[in-house]
Every structure is written in C-alpha cells, then in structure tokens.
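Participant: Data: model.pdb, PDB, C-alpha atoms and all ligand atoms.
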MODEL        1
ATOM      1  CA  MET A   1       0.000   0.000   0.000  1.00  0.00           C
ATOM      2  CA  ILE A   2       2.871   2.353   0.832  1.00  0.00           C
ATOM      3  CA  LEU A   3       4.428   1.590  -2.531  1.00  0.00           C
ATOM      4  CA  PHE A   4       1.171   2.297  -4.383  1.00  0.00           C
ATOM      5  CA  PHE A   5       0.798   5.569  -2.473  1.00  0.00           C
ATOM      6  CA  LEU A   6       4.352   6.564  -3.472  1.00  0.00           C
ATOM      7  CA  ILE A   7       3.593   5.707  -7.106  1.00  0.00           C
ATOM      8  CA  PHE A   8       0.419   7.803  -6.914  1.00  0.00           C
ATOM      9  CA  LEU A   9       2.489  10.764  -5.675  1.00  0.00           C
ATOM     10  CA  LEU A  10       5.067  10.112  -8.369  1.00  0.00           C
ATOM     11  CA  TRP A  11       2.242  10.223 -10.928  1.00  0.00           C
ATOM     12  CA  TYR A  12       0.262  13.142  -9.532  1.00  0.00           C
ATOM     13  CA  VAL A  13       2.958  15.651  -8.544  1.00  0.00           C
ATOM     14  CA  PRO A  14       4.759  16.132 -11.897  1.00  0.00           C
ATOM     15  CA  LEU A  15       1.600  16.052 -14.078  1.00  0.00           C
ATOM     16  CA  VAL A  16       1.177  19.846 -14.376  1.00  0.00           C
ATOM     17  CA  GLY A  17       4.851  20.404 -15.151  1.00  0.00           C
ATOM     18  CA  LEU A  18       4.820  17.682 -17.814  1.00  0.00           C
ATOM     19  CA  LYS A  19       1.756  19.221 -19.495  1.00  0.00           C
ATOM     20  CA  ASN A  20       3.632  22.515 -19.785  1.00  0.00           C
ATOM     21  CA  ILE A  21       6.516  20.752 -21.548  1.00  0.00           C
ATOM     22  CA  HIS A  22       4.296  18.848 -24.011  1.00  0.00           C
ATOM     23  CA  PRO A  23       0.513  18.148 -23.950  1.00  0.00           C
ATOM     24  CA  SER A  24       0.940  14.400 -24.633  1.00  0.00           C
ATOM     25  CA  LEU A  25       3.615  13.838 -21.941  1.00  0.00           C
ATOM     26  CA  PRO A  26       1.106  13.291 -19.066  1.00  0.00           C
ATOM     27  CA  LEU A  27      -0.554  10.454 -21.049  1.00  0.00           C
ATOM     28  CA  ILE A  28       2.796   8.779 -21.849  1.00  0.00           C
ATOM     29  CA  PHE A  29       3.885   9.142 -18.201  1.00  0.00           C
ATOM     30  CA  THR A  30       0.553   7.740 -16.970  1.00  0.00           C
ATOM     31  CA  LEU A  31       0.828   4.748 -19.334  1.00  0.00           C
ATOM     32  CA  ALA A  32       4.405   4.038 -18.180  1.00  0.00           C
ATOM     33  CA  LEU A  33       3.351   4.059 -14.520  1.00  0.00           C
ATOM     34  CA  ALA A  34       0.271   1.940 -15.348  1.00  0.00           C
ATOM     35  CA  VAL A  35       2.583  -0.701 -16.872  1.00  0.00           C
ATOM     36  CA  LEU A  36       4.744  -0.568 -13.722  1.00  0.00           C
ATOM     37  CA  VAL A  37       1.702  -1.007 -11.466  1.00  0.00           C
ATOM     38  CA  PHE A  38       0.444  -3.882 -13.664  1.00  0.00           C
ATOM     39  CA  LEU A  39       3.834  -5.640 -13.404  1.00  0.00           C
ATOM     40  CA  MET A  40       3.890  -5.150  -9.627  1.00  0.00           C
ATOM     41  CA  ILE A  41       0.379  -6.547  -9.173  1.00  0.00           C
ATOM     42  CA  SER A  42       1.092  -9.487 -11.531  1.00  0.00           C
ATOM     43  CA  GLY A  43       4.374 -10.220  -9.729  1.00  0.00           C
ATOM     44  CA  GLY A  44       2.651 -10.068  -6.344  1.00  0.00           C
ATOM     45  CA  LEU A  45      -0.144 -12.410  -7.468  1.00  0.00           C
ATOM     46  CA  LEU A  46       2.375 -14.788  -9.039  1.00  0.00           C
ATOM     47  CA  LEU A  47       4.305 -14.841  -5.764  1.00  0.00           C
ATOM     48  CA  ILE A  48       1.163 -15.536  -3.732  1.00  0.00           C
ATOM     49  CA  PHE A  49      -0.114 -18.336  -6.015  1.00  0.00           C
ATOM     50  CA  THR A  50       3.344 -19.936  -6.334  1.00  0.00           C
ATOM     51  CA  ILE A  51       3.485 -20.197  -2.538  1.00  0.00           C
ATOM     52  CA  LEU A  52      -0.153 -21.276  -2.109  1.00  0.00           C
ATOM     53  CA  TRP A  53      -0.050 -23.954  -4.821  1.00  0.00           C
ATOM     54  CA  ARG A  54       3.568 -24.939  -4.018  1.00  0.00           C
ATOM     55  CA  ARG A  55       4.499 -25.253  -7.657  1.00  0.00           C
ATOM     56  CA  ASP A  56       6.295 -23.407 -10.385  1.00  0.00           C
ATOM     57  CA  ILE A  57       3.907 -21.182 -12.368  1.00  0.00           C
ATOM     58  CA  LEU A  58       5.021 -19.471 -15.597  1.00  0.00           C
ATOM     59  CA  PHE A  59       8.419 -17.898 -14.905  1.00  0.00           C
ATOM     60  CA  SER A  60       7.992 -17.984 -11.145  1.00  0.00           C
ATOM     61  CA  HIS A  61      11.489 -19.486 -10.754  1.00  0.00           C
ATOM     62  CA  LYS A  62      12.717 -15.980 -11.630  1.00  0.00           C
ATOM     63  CA  LEU A  63      10.738 -14.641  -8.679  1.00  0.00           C
ATOM     64  CA  ARG A  64      13.357 -15.948  -6.259  1.00  0.00           C
ATOM     65  CA  GLY A  65      15.937 -13.649  -7.849  1.00  0.00           C
ATOM     66  CA  ILE A  66      13.564 -10.679  -7.730  1.00  0.00           C
ATOM     67  CA  VAL A  67      12.701 -11.413  -4.090  1.00  0.00           C
ATOM     68  CA  THR A  68      16.398 -11.760  -3.212  1.00  0.00           C
ATOM     69  CA  LYS A  69      17.734  -8.756  -5.099  1.00  0.00           C
ATOM     70  CA  VAL A  70      14.818  -6.298  -5.084  1.00  0.00           C
ATOM     71  CA  LEU A  71      12.060  -7.198  -2.658  1.00  0.00           C
ATOM     72  CA  PHE A  72      14.239  -7.923   0.379  1.00  0.00           C
ATOM     73  CA  PRO A  73      16.029  -4.523   0.518  1.00  0.00           C
ATOM     74  CA  PHE A  74      12.593  -2.959   0.007  1.00  0.00           C
ATOM     75  CA  MET A  75      11.146  -5.095   2.838  1.00  0.00           C
ATOM     76  CA  ILE A  76      13.901  -3.847   5.186  1.00  0.00           C
ATOM     77  CA  LEU A  77      13.106  -0.235   4.236  1.00  0.00           C
ATOM     78  CA  MET A  78       9.362  -0.748   4.693  1.00  0.00           C
ATOM     79  CA  GLY A  79      10.015  -2.547   7.993  1.00  0.00           C
ATOM     80  CA  LYS A  80      11.923   0.502   9.253  1.00  0.00           C
ATOM     81  CA  LEU A  81       9.092   2.816   8.178  1.00  0.00           C
ATOM     82  CA  VAL A  82       6.359   0.820   9.918  1.00  0.00           C
ATOM     83  CA  GLY A  83       8.448  -0.226  12.943  1.00  0.00           C
ATOM     84  CA  VAL A  84       8.976  -3.940  12.198  1.00  0.00           C
ATOM     85  CA  SER A  85      12.337  -5.188  13.494  1.00  0.00           C
ATOM     86  CA  LYS A  86      15.058  -6.154  11.027  1.00  0.00           C
ATOM     87  CA  GLU A  87      15.164  -9.637  12.572  1.00  0.00           C
ATOM     88  CA  ARG A  88      11.448 -10.170  11.893  1.00  0.00           C
ATOM     89  CA  VAL A  89      11.847  -8.994   8.293  1.00  0.00           C
ATOM     90  CA  GLN A  90      14.810 -11.355   7.858  1.00  0.00           C
ATOM     91  CA  GLN A  91      12.700 -14.241   9.202  1.00  0.00           C
ATOM     92  CA  SER A  92       9.966 -13.409   6.673  1.00  0.00           C
ATOM     93  CA  PHE A  93      12.511 -13.245   3.866  1.00  0.00           C
ATOM     94  CA  ILE A  94      13.964 -16.671   4.827  1.00  0.00           C
ATOM     95  CA  GLU A  95      10.466 -18.186   4.934  1.00  0.00           C
ATOM     96  CA  LEU A  96       9.536 -16.621   1.611  1.00  0.00           C
ATOM     97  CA  ASN A  97      12.769 -17.904   0.058  1.00  0.00           C
ATOM     98  CA  ASN A  98      12.166 -21.425   1.421  1.00  0.00           C
ATOM     99  CA  HIS A  99       8.620 -21.497   0.025  1.00  0.00           C
ATOM    100  CA  LEU A 100       9.850 -20.402  -3.395  1.00  0.00           C
ATOM    101  CA  VAL A 101      12.696 -22.956  -3.434  1.00  0.00           C
ATOM    102  CA  GLN A 102      10.260 -25.716  -2.438  1.00  0.00           C
ATOM    103  CA  SER A 103       7.761 -24.558  -5.079  1.00  0.00           C
ATOM    104  CA  ASN A 104      10.444 -24.855  -7.764  1.00  0.00           C
ATOM    105  CA  HIS A 105      10.897 -28.566  -6.861  1.00  0.00           C
ATOM    106  CA  HIS A 106      14.608 -28.355  -7.516  1.00  0.00           C
ATOM    107  CA  ARG A 107      16.024 -31.894  -7.376  1.00  0.00           C
ATOM    108  CA  THR A 108      19.660 -32.872  -7.074  1.00  0.00           C
ATOM    109  CA  ARG A 109      21.874 -35.928  -6.609  1.00  0.00           C
ATOM    110  CA  PRO A 110      23.115 -36.517  -3.036  1.00  0.00           C
ATOM    111  CA  ASN A 111      26.744 -35.667  -3.843  1.00  0.00           C
ATOM    112  CA  GLN A 112      25.606 -32.267  -5.159  1.00  0.00           C
ATOM    113  CA  LEU A 113      23.807 -31.319  -1.962  1.00  0.00           C
ATOM    114  CA  LEU A 114      25.649 -29.482   0.818  1.00  0.00           C
ATOM    115  CA  VAL A 115      24.552 -29.064   4.429  1.00  0.00           C
ATOM    116  CA  LEU A 116      26.237 -25.986   5.870  1.00  0.00           C
ATOM    117  CA  LEU A 117      26.325 -25.497   9.639  1.00  0.00           C
ATOM    118  CA  PRO A 118      27.405 -22.676  11.925  1.00  0.00           C
ATOM    119  CA  HIS A 119      30.359 -23.265  14.241  1.00  0.00           C
ATOM    120  CA  CYS A 120      28.322 -22.246  17.302  1.00  0.00           C
ATOM    121  CA  ILE A 121      26.369 -25.491  17.060  1.00  0.00           C
ATOM    122  CA  GLN A 122      29.444 -27.375  18.331  1.00  0.00           C
ATOM    123  CA  ASP A 123      29.634 -27.816  22.107  1.00  0.00           C
ATOM    124  CA  PHE A 124      31.653 -24.863  23.433  1.00  0.00           C
ATOM    125  CA  ASP A 125      33.913 -27.096  25.555  1.00  0.00           C
ATOM    126  CA  CYS A 126      34.677 -29.560  22.769  1.00  0.00           C
ATOM    127  CA  GLN A 127      38.385 -29.355  21.914  1.00  0.00           C
ATOM    128  CA  ILE A 128      38.103 -31.075  18.536  1.00  0.00           C
ATOM    129  CA  LYS A 129      38.602 -28.918  15.466  1.00  0.00           C
ATOM    130  CA  ILE A 130      35.746 -29.632  13.078  1.00  0.00           C
ATOM    131  CA  THR A 131      35.864 -26.577  10.801  1.00  0.00           C
ATOM    132  CA  GLY A 132      38.410 -28.137   8.408  1.00  0.00           C
ATOM    133  CA  ASN A 133      36.821 -31.577   8.540  1.00  0.00           C
ATOM    134  CA  ILE A 134      33.579 -32.182  10.398  1.00  0.00           C
ATOM    135  CA  LYS A 135      34.309 -35.919  10.403  1.00  0.00           C
ATOM    136  CA  ASN A 136      36.938 -35.245  13.113  1.00  0.00           C
ATOM    137  CA  CYS A 137      33.960 -35.279  15.513  1.00  0.00           C
ATOM    138  CA  LYS A 138      34.220 -38.223  17.924  1.00  0.00           C
ATOM    139  CA  GLY A 139      30.438 -38.571  18.140  1.00  0.00           C
ATOM    140  CA  CYS A 140      30.202 -38.157  21.916  1.00  0.00           C
ATOM    141  CA  GLY A 141      26.665 -36.754  21.545  1.00  0.00           C
ATOM    142  CA  LYS A 142      27.179 -33.604  23.646  1.00  0.00           C
ATOM    143  CA  CYS A 143      26.068 -31.536  20.670  1.00  0.00           C
ATOM    144  CA  GLU A 144      24.014 -32.112  17.525  1.00  0.00           C
ATOM    145  CA  ILE A 145      27.055 -32.381  15.263  1.00  0.00           C
ATOM    146  CA  LYS A 146      26.894 -36.146  15.889  1.00  0.00           C
ATOM    147  CA  ASP A 147      23.266 -36.404  14.662  1.00  0.00           C
ATOM    148  CA  LEU A 148      23.938 -34.176  11.686  1.00  0.00           C
ATOM    149  CA  ILE A 149      26.923 -36.286  10.583  1.00  0.00           C
ATOM    150  CA  GLU A 150      24.737 -39.393  10.884  1.00  0.00           C
ATOM    151  CA  LEU A 151      22.150 -37.667   8.693  1.00  0.00           C
ATOM    152  CA  SER A 152      24.779 -36.797   6.076  1.00  0.00           C
ATOM    153  CA  ASP A 153      26.049 -40.414   6.134  1.00  0.00           C
ATOM    154  CA  GLN A 154      22.512 -41.759   5.777  1.00  0.00           C
ATOM    155  CA  TYR A 155      21.832 -39.677   2.647  1.00  0.00           C
ATOM    156  CA  GLN A 156      25.473 -39.569   1.447  1.00  0.00           C
ATOM    157  CA  ILE A 157      25.491 -35.796   1.196  1.00  0.00           C
ATOM    158  CA  LYS A 158      28.256 -33.283   1.863  1.00  0.00           C
ATOM    159  CA  ILE A 159      28.352 -31.546   5.229  1.00  0.00           C
ATOM    160  CA  ALA A 160      30.577 -28.726   6.495  1.00  0.00           C
ATOM    161  CA  VAL A 161      30.928 -26.235   9.317  1.00  0.00           C
ATOM    162  CA  ALA A 162      31.689 -22.556   8.704  1.00  0.00           C
ATOM    163  CA  THR A 163      32.865 -20.007  11.252  1.00  0.00           C
ATOM    164  CA  GLY A 164      31.502 -17.109   9.223  1.00  0.00           C
ATOM    165  CA  GLY A 165      30.453 -15.790   5.843  1.00  0.00           C
ATOM    166  CA  THR A 166      33.955 -15.815   4.332  1.00  0.00           C
ATOM    167  CA  LEU A 167      34.559 -19.486   5.137  1.00  0.00           C
ATOM    168  CA  ALA A 168      31.018 -20.361   4.045  1.00  0.00           C
ATOM    169  CA  ARG A 169      31.656 -18.756   0.647  1.00  0.00           C
ATOM    170  CA  LYS A 170      34.980 -20.656   0.365  1.00  0.00           C
ATOM    171  CA  ILE A 171      33.258 -23.963   1.159  1.00  0.00           C
ATOM    172  CA  ILE A 172      30.605 -23.250  -1.491  1.00  0.00           C
ATOM    173  CA  VAL A 173      33.215 -22.328  -4.126  1.00  0.00           C
ATOM    174  CA  GLU A 174      35.243 -25.495  -3.373  1.00  0.00           C
ATOM    175  CA  ASN A 175      32.264 -27.876  -3.304  1.00  0.00           C
ATOM    176  CA  ARG A 176      30.217 -26.247  -6.102  1.00  0.00           C
ATOM    177  CA  PRO A 177      26.928 -27.696  -4.783  1.00  0.00           C
ATOM    178  CA  GLU A 178      23.721 -27.609  -6.824  1.00  0.00           C
ATOM    179  CA  ALA A 179      21.667 -26.997  -3.679  1.00  0.00           C
ATOM    180  CA  ILE A 180      22.318 -26.053  -0.059  1.00  0.00           C
ATOM    181  CA  VAL A 181      20.599 -26.686   3.265  1.00  0.00           C
ATOM    182  CA  ALA A 182      21.935 -23.989   5.577  1.00  0.00           C
ATOM    183  CA  VAL A 183      21.554 -23.655   9.337  1.00  0.00           C
ATOM    184  CA  ALA A 184      22.337 -20.267  10.890  1.00  0.00           C
ATOM    185  CA  CYS A 185      20.930 -17.176  12.579  1.00  0.00           C
ATOM    186  CA  GLU A 186      18.754 -14.637  10.733  1.00  0.00           C
ATOM    187  CA  LEU A 187      21.644 -12.387   9.695  1.00  0.00           C
ATOM    188  CA  ASP A 188      23.917 -15.154   8.349  1.00  0.00           C
ATOM    189  CA  LEU A 189      21.085 -16.980   6.595  1.00  0.00           C
ATOM    190  CA  THR A 190      19.867 -13.825   4.896  1.00  0.00           C
ATOM    191  CA  SER A 191      23.306 -12.841   3.595  1.00  0.00           C
ATOM    192  CA  GLY A 192      24.064 -16.480   2.723  1.00  0.00           C
ATOM    193  CA  ILE A 193      20.895 -16.851   0.649  1.00  0.00           C
ATOM    194  CA  GLN A 194      21.651 -13.577  -1.145  1.00  0.00           C
ATOM    195  CA  ASP A 195      25.322 -14.398  -1.778  1.00  0.00           C
ATOM    196  CA  SER A 196      24.599 -17.946  -2.985  1.00  0.00           C
ATOM    197  CA  TYR A 197      21.933 -16.965  -5.505  1.00  0.00           C
ATOM    198  CA  PRO A 198      21.203 -18.589  -8.027  1.00  0.00           C
ATOM    199  CA  ILE A 199      22.049 -21.757  -6.028  1.00  0.00           C
ATOM    200  CA  PRO A 200      18.805 -22.707  -4.224  1.00  0.00           C
ATOM    201  CA  VAL A 201      19.155 -22.588  -0.445  1.00  0.00           C
ATOM    202  CA  ILE A 202      16.708 -23.818   2.182  1.00  0.00           C
ATOM    203  CA  GLY A 203      17.492 -21.864   5.330  1.00  0.00           C
ATOM    204  CA  ILE A 204      16.807 -23.246   8.809  1.00  0.00           C
ATOM    205  CA  LEU A 205      17.049 -20.941  11.780  1.00  0.00           C
ATOM    206  CA  ASN A 206      19.119 -22.236  14.659  1.00  0.00           C
ATOM    207  CA  GLU A 207      17.712 -22.279  18.190  1.00  0.00           C
ATOM    208  CA  ARG A 208      19.523 -20.195  20.788  1.00  0.00           C
ATOM    209  CA  PRO A 209      18.515 -21.357  24.275  1.00  0.00           C
ATOM    210  CA  ASN A 210      21.869 -20.123  25.672  1.00  0.00           C
ATOM    211  CA  GLY A 211      21.920 -16.807  23.823  1.00  0.00           C
ATOM    212  CA  PRO A 212      23.435 -16.001  20.444  1.00  0.00           C
ATOM    213  CA  CYS A 213      26.513 -17.799  19.092  1.00  0.00           C
ATOM    214  CA  PHE A 214      26.856 -20.165  22.071  1.00  0.00           C
ATOM    215  CA  ASN A 215      25.904 -23.840  22.153  1.00  0.00           C
ATOM    216  CA  THR A 216      23.134 -23.288  19.626  1.00  0.00           C
ATOM    217  CA  LYS A 217      20.803 -26.069  18.491  1.00  0.00           C
ATOM    218  CA  VAL A 218      18.796 -27.069  15.453  1.00  0.00           C
ATOM    219  CA  ASP A 219      15.687 -29.126  14.874  1.00  0.00           C
ATOM    220  CA  ILE A 220      17.133 -32.256  13.198  1.00  0.00           C
ATOM    221  CA  GLN A 221      13.754 -33.140  11.677  1.00  0.00           C
ATOM    222  CA  LYS A 222      13.667 -29.772   9.878  1.00  0.00           C
ATOM    223  CA  VAL A 223      17.133 -30.455   8.435  1.00  0.00           C
ATOM    224  CA  LYS A 224      16.015 -33.917   7.326  1.00  0.00           C
ATOM    225  CA  ASP A 225      12.863 -32.517   5.678  1.00  0.00           C
ATOM    226  CA  ALA A 226      14.919 -29.902   3.838  1.00  0.00           C
ATOM    227  CA  ILE A 227      17.355 -32.579   2.606  1.00  0.00           C
ATOM    228  CA  LEU A 228      14.447 -34.671   1.321  1.00  0.00           C
ATOM    229  CA  ASP A 229      13.003 -31.604  -0.411  1.00  0.00           C
ATOM    230  CA  PHE A 230      16.129 -31.526  -2.596  1.00  0.00           C
ATOM    231  CA  LEU A 231      16.864 -35.200  -3.162  1.00  0.00           C
ATOM    232  CA  GLU A 232      15.574 -37.309  -6.007  1.00  0.00           C
ATOM    233  CA  PRO A 233      12.752 -39.584  -4.786  1.00  0.00           C
ATOM    234  CA  THR A 234      14.979 -42.628  -5.446  1.00  0.00           C
ATOM    235  CA  SER A 235      17.608 -41.497  -2.878  1.00  0.00           C
ATOM    236  CA  PRO A 236      17.785 -43.580   0.393  1.00  0.00           C
TER     237      PRO A 236
HETATM  238  S1  LIG B 301      29.403 -34.531  19.215  1.00  0.00           S
HETATM  239 FE1  LIG B 301      31.377 -34.167  18.196  1.00  0.00          FE
HETATM  240  S2  LIG B 301      31.562 -31.964  18.010  1.00  0.00           S
HETATM  241 FE2  LIG B 301      29.933 -32.354  19.509  1.00  0.00          FE
HETATM  242  S3  LIG B 301      30.980 -32.287  21.491  1.00  0.00           S
HETATM  243 FE3  LIG B 301      30.966 -34.437  20.823  1.00  0.00          FE
HETATM  244  S4  LIG B 301      32.908 -34.719  19.726  1.00  0.00           S
HETATM  245 FE4  LIG B 301      32.583 -32.507  19.931  1.00  0.00          FE
ENDMDL
END
For the structure just supplied, provide its representation as structure tokens.

Facilitator:
Amino acid sequence: MILFFLIFLLWYVPLVGLKNIHPSLPLIFTLALAVLVFLMISGGLLLIFTILWRRDILFSHKLRGIVTKVLFPFMILMGKLVGVSKERVQQSFIELNNHLVQSNHHRTRPNQLLVLLPHCIQDFDCQIKITGNIKNCKGCGKCEIKDLIELSDQYQIKIAVATGGTLARKIIVENRPEAIVAVACELDLTSGIQDSYPIPVIGILNERPNGPCFNTKVDIQKVKDAILDFLEPTSP
C-alpha cells in the first residue's frame, strides 16, 4: 500500500509540469506508470499463487531472484518505516525464500547437496577442530554435530561447518553444490541466501537457548525434511 501511495504521488505531482513541456507527456507518463503497477500486481499475485499452490507457475522461478535482489532490501526499508524489526523482516525473507525454493521442486543428486552449519552449534567445551573436517567429531553426543553427521552419512550428502560468511563462501566455491541446506541465525542466513543466488538454499534458523553464538541447536527433523526436499525420490 505504501508503494502504491508513493507511485500515486510520483504520478500526480509532476503532471502539471509535464503538461507545460508537451501536452501528450502526461498520457505517456501515466501509461508508463500503469505498466509498472500492472507488473507489480502481476508479480505479487504470481508470488502468492506460487506459494499457495507450491508449484512453479510461468516464470515464477525468476521470482526468487527478484525477491532476493529487489524485494528484500525494500522489505527492510518498509520494515523501518512501519516499525517492524530487522530480525522479523529477515525471518519473513527466509520463509519466503524457502517457500519459493520448495515450489520450484529443484532436485539434485546426493553428492551435489551441501549441508552448511554454523560453528556455534558445536559444544563450546569440545576441543576437537571440526571446521576443516567435520568428520573429526568423535560422536560423543554432547552436541548435535553427531546427529547431523549421521544424517549426512545416511543420505550420502556433503556436510561442512563454517565459522563465518567468508569461510562459508569458500566452502561453497570449493564444493560447487547444486543446492544447499543452511543452518544459521537470521543475519547469516539472509546474507548467505543472497550471496549464494542462483544456487537454491533452504534456510533453517538455529535455536539459541543459551543466547546467540553459544551452544546453539537445530531441529534435526527440519534439516532432514529440507534434505528430502532436494533429493531425487529414489535417494535412500
Ligand atoms: S558430538 Fe562431536 S563436536 Fe559435539 S561435542 Fe561431541 S565430539 Fe565434539
């Protein structure tokens, strides 16, 4: 609604000035804005029906790019204007992205799927270095790294731990996955989804019962569901 109001102002305010320049300019300007409004309404409806029907309609796979590159910065701006926290907007963006990825039914082979985890999911007191190789984990069960490795073994998919955005990008460049299941906080997931585009990413928010960046947790079932969303039906 705010956007339509801004477009109305953009249309109404310069009309008199344009008429003074040339009598047909107001009509041309009105038609141009009408096309813009039509595209916005069509895009919005396409987005809504893609999510509701959970399938790819027309060129709705392109919507993910538009949402990532255009709509999200706009959502942050609108959030600021109407007093919605950045964290809440990021959560909405992650959900919207996940719905669109699932609607596209992107399928991949297990060795092309990467599960990317944040370092804070490892037990804080664990002395084992798992960032270089997560399989160094001894499987003591004090943190969910053990369960996540078991999940990756079960489906024969790649799994890695990143300490931050730079390492995450390096892991993605080295592994060249076709799809990613990422676990992280709002900020890291949002930037990760944006940076990884066009690779489809399903983002899962970590749980932070001990505060941010410390002994965080994740719902293993959600990770499993996201993995299955990407794998061919024939996979184990
Ligand atoms: S499960 Fe692995 S990573 Fe977690 S505390 Fe035990 S050895 Fe360390």

Participant: So, counting all atoms listed in the file, which residue among A:Lys135, A:His105, A:His22, A:Lys80 is closest to ligand LIG 301 (chain B)?

Facilitator: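 For ligand LIG 301 (chain B), the nearest of the candidates is A:Lys135.
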
Participant: Which one of A:Ser152, A:Thr163, A:Asn111, A:Gln102 sits closest to Pro177 of chain A if you count all atoms listed in the file?

Facilitator: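 Comparing A:Ser152, A:Thr163, A:Asn111, A:Gln102 against Pro177 of chain A, the winner is A:Asn111.
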
Participant: Taking into account only C-alpha atoms and all ligand atoms, which residue in the set A:Ser103, A:Asn136, A:Thr30, A:Thr108 is nearest to ligand LIG 301 (chain B)?

Facilitator: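 Among the listed residues, the smallest separation from ligand LIG 301 (chain B) belongs to A:Asn136.
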
Participant: Which residues match the PyMOL selection byres (((chain A and resi 93) around 9) and not hetatm) in the file above, as a PyMOL selection string?

Facilitator: chain A and resi 67-68+71-72+75+88-92+94-98+190

Participant: Chain A near ligand LIG 301 (chain B) within 6 Å: what's each residue's closest atom pair and its distance in Å to one decimal, counting all atoms listed in the file, ordered by chain then ascending residue number, as JSON lines?

Facilitator:
{"residue": "A:Gln122", "atom": "CA", "partner": "B:LIG301", "partner_atom": "S2", "distance": 5.1}
{"residue": "A:Asp123", "atom": "CA", "partner": "B:LIG301", "partner_atom": "S3", "distance": 4.7}
{"residue": "A:Cys126", "atom": "CA", "partner": "B:LIG301", "partner_atom": "FE4", "distance": 4.6}
{"residue": "A:Ile128", "atom": "CA", "partner": "B:LIG301", "partner_atom": "FE4", "distance": 5.9}
{"residue": "A:Cys137", "atom": "CA", "partner": "B:LIG301", "partner_atom": "FE1", "distance": 3.9}
{"residue": "A:Lys138", "atom": "CA", "partner": "B:LIG301", "partner_atom": "S4", "distance": 4.2}
{"residue": "A:Gly139", "atom": "CA", "partner": "B:LIG301", "partner_atom": "S1", "distance": 4.3}
{"residue": "A:Cys140", "atom": "CA", "partner": "B:LIG301", "partner_atom": "FE3", "distance": 4.0}
{"residue": "A:Gly141", "atom": "CA", "partner": "B:LIG301", "partner_atom": "S1", "distance": 4.2}
{"residue": "A:Lys142", "atom": "CA", "partner": "B:LIG301", "partner_atom": "S3", "distance": 4.6}
{"residue": "A:Cys143", "atom": "CA", "partner": "B:LIG301", "partner_atom": "FE2", "distance": 4.1}
{"residue": "A:Ile145", "atom": "CA", "partner": "B:LIG301", "partner_atom": "S1", "distance": 5.1}
{"residue": "A:Lys146", "atom": "CA", "partner": "B:LIG301", "partner_atom": "S1", "distance": 4.5}

Participant: Leaving out segment 217-233 of chain A and any residue of its chain fewer than 5 positions from it, which residues lie within 8 Å of it when counting only C-alpha atoms, given as a PDB file with C-alpha atoms, in the frame of the given file?

Facilitator:
ATOM      1  CA  GLN A 102      10.260 -25.716  -2.438  1.00  0.00           C
ATOM      2  CA  HIS A 105      10.897 -28.566  -6.861  1.00  0.00           C
ATOM      3  CA  HIS A 106      14.608 -28.355  -7.516  1.00  0.00           C
ATOM      4  CA  ARG A 107      16.024 -31.894  -7.376  1.00  0.00           C
ATOM      5  CA  THR A 108      19.660 -32.872  -7.074  1.00  0.00           C
ATOM      6  CA  ARG A 109      21.874 -35.928  -6.609  1.00  0.00           C
ATOM      7  CA  PRO A 110      23.115 -36.517  -3.036  1.00  0.00           C
ATOM      8  CA  LEU A 113      23.807 -31.319  -1.962  1.00  0.00           C
ATOM      9  CA  ILE A 121      26.369 -25.491  17.060  1.00  0.00           C
ATOM     10  CA  CYS A 143      26.068 -31.536  20.670  1.00  0.00           C
ATOM     11  CA  GLU A 144      24.014 -32.112  17.525  1.00  0.00           C
ATOM     12  CA  ASP A 147      23.266 -36.404  14.662  1.00  0.00           C
ATOM     13  CA  LEU A 148      23.938 -34.176  11.686  1.00  0.00           C
ATOM     14  CA  LEU A 151      22.150 -37.667   8.693  1.00  0.00           C
ATOM     15  CA  ALA A 179      21.667 -26.997  -3.679  1.00  0.00           C
ATOM     16  CA  VAL A 181      20.599 -26.686   3.265  1.00  0.00           C
ATOM     17  CA  VAL A 183      21.554 -23.655   9.337  1.00  0.00           C
ATOM     18  CA  ILE A 202      16.708 -23.818   2.182  1.00  0.00           C
ATOM     19  CA  ILE A 204      16.807 -23.246   8.809  1.00  0.00           C
ATOM     20  CA  LEU A 205      17.049 -20.941  11.780  1.00  0.00           C
ATOM     21  CA  ASN A 206      19.119 -22.236  14.659  1.00  0.00           C
ATOM     22  CA  GLU A 207      17.712 -22.279  18.190  1.00  0.00           C
ATOM     23  CA  ARG A 208      19.523 -20.195  20.788  1.00  0.00           C
ATOM     24  CA  PRO A 209      18.515 -21.357  24.275  1.00  0.00           C
TER      25      PRO A 209
END

Participant: So the first atom is atom CA of Ile134 of chain A and the second is atom CA of Pro198 of chain A; what is the distance between them in Å, to one decimal place?

Facilitator: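 Spanning atom CA of Ile134 of chain A to atom CA of Pro198 of chain A is a straight-line distance of 26.0 Å.
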
Participant: Rounded to one decimal, what separation in Å do you get between atom CA of Leu117 of chain A and atom CA of Leu47 of chain A?

Facilitator: 28.9 Å

Participant: Can you tell me how far atom CA of Tyr197 of chain A sits from atom CA of Leu167 of chain A, in Å to one decimal?

Facilitator: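 Calculated distance between atom CA of Tyr197 of chain A and atom CA of Leu167 of chain A is 16.7 Å.
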
Participant: Taking only C-alpha atoms into account, which of A:Lys19, A:Ile41, A:Leu27, A:Ile51 comes nearest Met1 of chain A?

Facilitator: A:Ile41

Participant: Would you kindly translate the PyMOL selection byres (((chain A and resi 54) around 8) and not hetatm) into the concrete residues it picks from this file, as an MDAnalysis selection string?

Facilitator: chainID A and resid 49:53 55:56 99:100 102:104

Participant: Taking the file as shown, find all residues satisfying the PyMOL selection byres (((chain A and resi 2) around 12) and not hetatm) and write them as a list in words.

Facilitator: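 What the PyMOL selection byres (((chain A and resi 2) around 12) and not hetatm) grabs from the file is Met1, Leu3, Phe4, Phe5, Leu6, Ile7, Phe8, Leu9, Phe74, Met75, Leu77, Met78, Gly79, Leu81 and Val82 of chain A.
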
Participant: Draw an axis-aligned box over all listed atoms of segment 66-84 of chain A, pad each side with 5 Å, and write its centre and edge lengths in Å, one decimal, as AutoDock Vina command-line options.

Facilitator:
--center_x 12.0 --center_y -4.5 --center_z 2.6 --size_x 21.4 --size_y 24.6 --size_z 30.7

Participant: Using only C-alpha atoms, which of A:Ala32, A:Leu45, A:Asn215, A:Tyr12 sits nearest Leu63 of chain A?

Facilitator: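 So, comparing all the options, the nearest one is A:Leu45.
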